[in-house]
Structures are given as structure tokens and as C-alpha cells.
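Engineer: Before I ask anything, let me first share the structure, which is written out below as C-alpha cells.
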Amino acid sequence: MDLKKLFGTVLTLLGIGGLIYTAILFANDSGTTKMLMVYGILGAIFFFAGVGLIRNTKSV
């Protein structure tokens with residue numbers, strides 16, 4: 001497996017984890033608005049960066 005695809009997979013998994021954690025905080029009403037925004041935005045950035053890296057990396 002190419003190193004870029006591996007890094008893209010890691011970023012995607014971190015993004016999914018961040019988005020799930022944001023959803024859990026939102027559902028339990030235990031997170032402040034600032035925490036929800038930070039985790040949600042970082043999760044989305046990691047997720048879309050990872051997916052983009054996987055899609056744009058050519059296999060050899």
C-alpha cells in the first residue's frame with residue numbers, strides 16, 4: 001500500500017472519529033458550543049482531506 005493512501009486512510013478514520021465524538025457530545029448535551037464547533041470542523045477537515053488524498057493518489 002502506498003504511503004499516501006495509508007496517510008489518507010488514517011486521516012479519514014480520524015475524521016470519522018471526530019464527527020462521531022461531536023455527535024455524541026451533541027446528543028448528550030454535555031458539550032459547549034465551542035467544543036462542538038472545534039471537534040466538528042476538525043473532524044470534517046480530516047475526513048475530507050483523507051478522502052481527497054485517497055481519491056487523488058494513483059496506484060502504481
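Convention: chains lettered A, B, ... in C-alpha cells order; per-chain residue numbering from 1; ligands numbered from 1 as shown.
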So which residues touch stretch 20-25 of chain A within 12 Å, counting only C-alpha atoms, skipping near sequence neighbours fewer than 5 positions away, as a list in words?
Structural biologist: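 Contacts, in chain order: Leu13, Leu14, Gly15, Ser30, Gly31, Thr32, Thr33, Lys34, Met35, Leu36, Met37, Val38, Tyr39, Gly40, Ile41, Leu42, Gly43, Ala44 and Phe47 of chain A.
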Engineer: For the selection just defined, write its residues with N, CA and C atoms to a file, as a CSV table (one decimal), in the first residue's frame.
Structural biologist:
chain,number,residue,atom,x,y,z
A,13,LEU,N,-10.1,8.0,9.0
A,13,LEU,CA,-10.6,7.4,10.3
A,13,LEU,C,-10.6,8.4,11.4
A,14,LEU,N,-9.6,9.3,11.5
A,14,LEU,CA,-9.6,10.4,12.5
A,14,LEU,C,-10.8,11.3,12.3
A,15,GLY,N,-11.1,11.6,11.1
A,15,GLY,CA,-12.2,12.5,10.8
A,15,GLY,C,-13.5,11.8,11.2
A,30,SER,N,-23.7,17.5,26.6
A,30,SER,CA,-22.6,17.8,27.5
A,30,SER,C,-21.5,18.7,27.0
A,31,GLY,N,-21.6,19.0,25.7
A,31,GLY,CA,-20.6,19.8,25.1
A,31,GLY,C,-21.1,21.3,24.9
A,32,THR,N,-20.1,22.2,25.1
A,32,THR,CA,-20.4,23.6,24.9
A,32,THR,C,-20.4,23.8,23.3
A,33,THR,N,-20.9,24.9,22.9
A,33,THR,CA,-21.0,25.2,21.5
A,33,THR,C,-19.6,25.3,20.9
A,34,LYS,N,-18.6,25.9,21.7
A,34,LYS,CA,-17.3,26.0,21.2
A,34,LYS,C,-16.6,24.6,21.0
A,35,MET,N,-16.8,23.7,21.9
A,35,MET,CA,-16.3,22.3,21.8
A,35,MET,C,-16.9,21.6,20.5
A,36,LEU,N,-18.2,21.8,20.4
A,36,LEU,CA,-18.9,21.1,19.3
A,36,LEU,C,-18.4,21.7,17.9
A,37,MET,N,-18.2,23.0,17.9
A,37,MET,CA,-17.7,23.5,16.6
A,37,MET,C,-16.2,23.1,16.3
A,38,VAL,N,-15.4,23.1,17.3
A,38,VAL,CA,-14.0,22.7,17.1
A,38,VAL,C,-13.9,21.2,16.7
A,39,TYR,N,-14.5,20.3,17.4
A,39,TYR,CA,-14.4,18.9,17.0
A,39,TYR,C,-15.1,18.6,15.7
A,40,GLY,N,-16.2,19.3,15.5
A,40,GLY,CA,-16.9,19.1,14.2
A,40,GLY,C,-16.2,19.6,13.0
A,41,ILE,N,-15.6,20.8,13.1
A,41,ILE,CA,-14.8,21.3,12.0
A,41,ILE,C,-13.6,20.5,11.7
A,42,LEU,N,-12.8,20.2,12.8
A,42,LEU,CA,-11.6,19.4,12.6
A,42,LEU,C,-11.9,18.0,12.1
A,43,GLY,N,-13.0,17.4,12.6
A,43,GLY,CA,-13.4,16.1,12.0
A,43,GLY,C,-13.7,16.2,10.5
A,44,ALA,N,-14.5,17.2,10.1
A,44,ALA,CA,-14.8,17.4,8.7
A,44,ALA,C,-13.6,17.6,7.9
A,47,PHE,N,-11.6,14.4,7.6
A,47,PHE,CA,-12.4,13.4,6.8
A,47,PHE,C,-12.2,13.7,5.3
Engineer: Skipping near chain neighbours, those fewer than 4 positions away, what residues fall within 12 Å of A:Leu53 using only C-alpha atoms, listed as a list of chain:residue names?
Structural biologist: A:Asp2, A:Leu3, A:Lys4, A:Lys5, A:Leu6, A:Phe7, A:Gly8, A:Thr9, A:Val10, A:Leu11, A:Thr12, A:Ile45, A:Phe46, A:Phe47, A:Phe48, A:Ala49, A:Thr57, A:Lys58
Engineer: Quick check for you: according to DSSP on this backbone, which residues of chain A are classed as alpha helix (DSSP H)? Reply as an MDAnalysis selection string.
Structural biologist: chainID A and resid 3:28 33:56
Engineer: Next, the residues of the selection above should be written as a PDB file, in the first residue's frame with C-alpha atoms.
Structural biologist:
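Result file is out_11.pdb:
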ATOM      1  CA  LEU A   3       2.287   5.754   1.921  1.00  0.00           C
ATOM      2  CA  LYS A   4      -0.083   8.492   0.704  1.00  0.00           C
ATOM      3  CA  LYS A   5      -3.045   6.104   0.706  1.00  0.00           C
ATOM      4  CA  LEU A   6      -2.124   4.918   4.193  1.00  0.00           C
ATOM      5  CA  PHE A   7      -1.950   8.515   5.432  1.00  0.00           C
ATOM      6  CA  GLY A   8      -5.268   9.254   3.706  1.00  0.00           C
ATOM      7  CA  THR A   9      -6.847   6.270   5.455  1.00  0.00           C
ATOM      8  CA  VAL A  10      -5.565   7.458   8.829  1.00  0.00           C
ATOM      9  CA  LEU A  11      -6.902  10.972   8.202  1.00  0.00           C
ATOM     10  CA  THR A  12     -10.267   9.586   7.137  1.00  0.00           C
ATOM     11  CA  LEU A  13     -10.555   7.423  10.254  1.00  0.00           C
ATOM     12  CA  LEU A  14      -9.590  10.352  12.497  1.00  0.00           C
ATOM     13  CA  GLY A  15     -12.205  12.482  10.764  1.00  0.00           C
ATOM     14  CA  ILE A  16     -14.914   9.865  11.251  1.00  0.00           C
ATOM     15  CA  GLY A  17     -13.921   9.558  14.902  1.00  0.00           C
ATOM     16  CA  GLY A  18     -14.096  13.324  15.379  1.00  0.00           C
ATOM     17  CA  LEU A  19     -17.512  13.547  13.758  1.00  0.00           C
ATOM     18  CA  ILE A  20     -18.846  10.654  15.854  1.00  0.00           C
ATOM     19  CA  TYR A  21     -17.452  12.247  19.028  1.00  0.00           C
ATOM     20  CA  THR A  22     -19.148  15.528  18.081  1.00  0.00           C
ATOM     21  CA  ALA A  23     -22.452  13.717  17.562  1.00  0.00           C
ATOM     22  CA  ILE A  24     -22.152  12.006  20.957  1.00  0.00           C
ATOM     23  CA  LEU A  25     -21.430  15.324  22.703  1.00  0.00           C
ATOM     24  CA  PHE A  26     -24.351  16.929  20.891  1.00  0.00           C
ATOM     25  CA  ALA A  27     -26.760  14.115  21.769  1.00  0.00           C
ATOM     26  CA  ASN A  28     -25.802  14.118  25.455  1.00  0.00           C
ATOM     27  CA  THR A  33     -20.977  25.241  21.510  1.00  0.00           C
ATOM     28  CA  LYS A  34     -17.258  25.987  21.184  1.00  0.00           C
ATOM     29  CA  MET A  35     -16.300  22.333  21.755  1.00  0.00           C
ATOM     30  CA  LEU A  36     -18.883  21.125  19.255  1.00  0.00           C
ATOM     31  CA  MET A  37     -17.657  23.548  16.617  1.00  0.00           C
ATOM     32  CA  VAL A  38     -13.976  22.706  17.112  1.00  0.00           C
ATOM     33  CA  TYR A  39     -14.445  18.925  17.040  1.00  0.00           C
ATOM     34  CA  GLY A  40     -16.948  19.076  14.205  1.00  0.00           C
ATOM     35  CA  ILE A  41     -14.837  21.335  11.981  1.00  0.00           C
ATOM     36  CA  LEU A  42     -11.622  19.415  12.642  1.00  0.00           C
ATOM     37  CA  GLY A  43     -13.405  16.115  12.019  1.00  0.00           C
ATOM     38  CA  ALA A  44     -14.808  17.389   8.726  1.00  0.00           C
ATOM     39  CA  ILE A  45     -11.412  18.752   7.619  1.00  0.00           C
ATOM     40  CA  PHE A  46      -9.647  15.466   8.439  1.00  0.00           C
ATOM     41  CA  PHE A  47     -12.372  13.410   6.778  1.00  0.00           C
ATOM     42  CA  PHE A  48     -12.469  15.348   3.509  1.00  0.00           C
ATOM     43  CA  ALA A  49      -8.674  15.701   3.361  1.00  0.00           C
ATOM     44  CA  GLY A  50      -8.290  11.942   3.800  1.00  0.00           C
ATOM     45  CA  VAL A  51     -10.910  11.096   1.195  1.00  0.00           C
ATOM     46  CA  GLY A  52      -9.366  13.577  -1.238  1.00  0.00           C
ATOM     47  CA  LEU A  53      -5.903  12.143  -0.682  1.00  0.00           C
ATOM     48  CA  ILE A  54      -7.131   8.606  -1.291  1.00  0.00           C
ATOM     49  CA  ARG A  55      -9.029   9.595  -4.450  1.00  0.00           C
ATOM     50  CA  ASN A  56      -6.195  11.632  -5.981  1.00  0.00           C
TER      51      ASN A  56
END
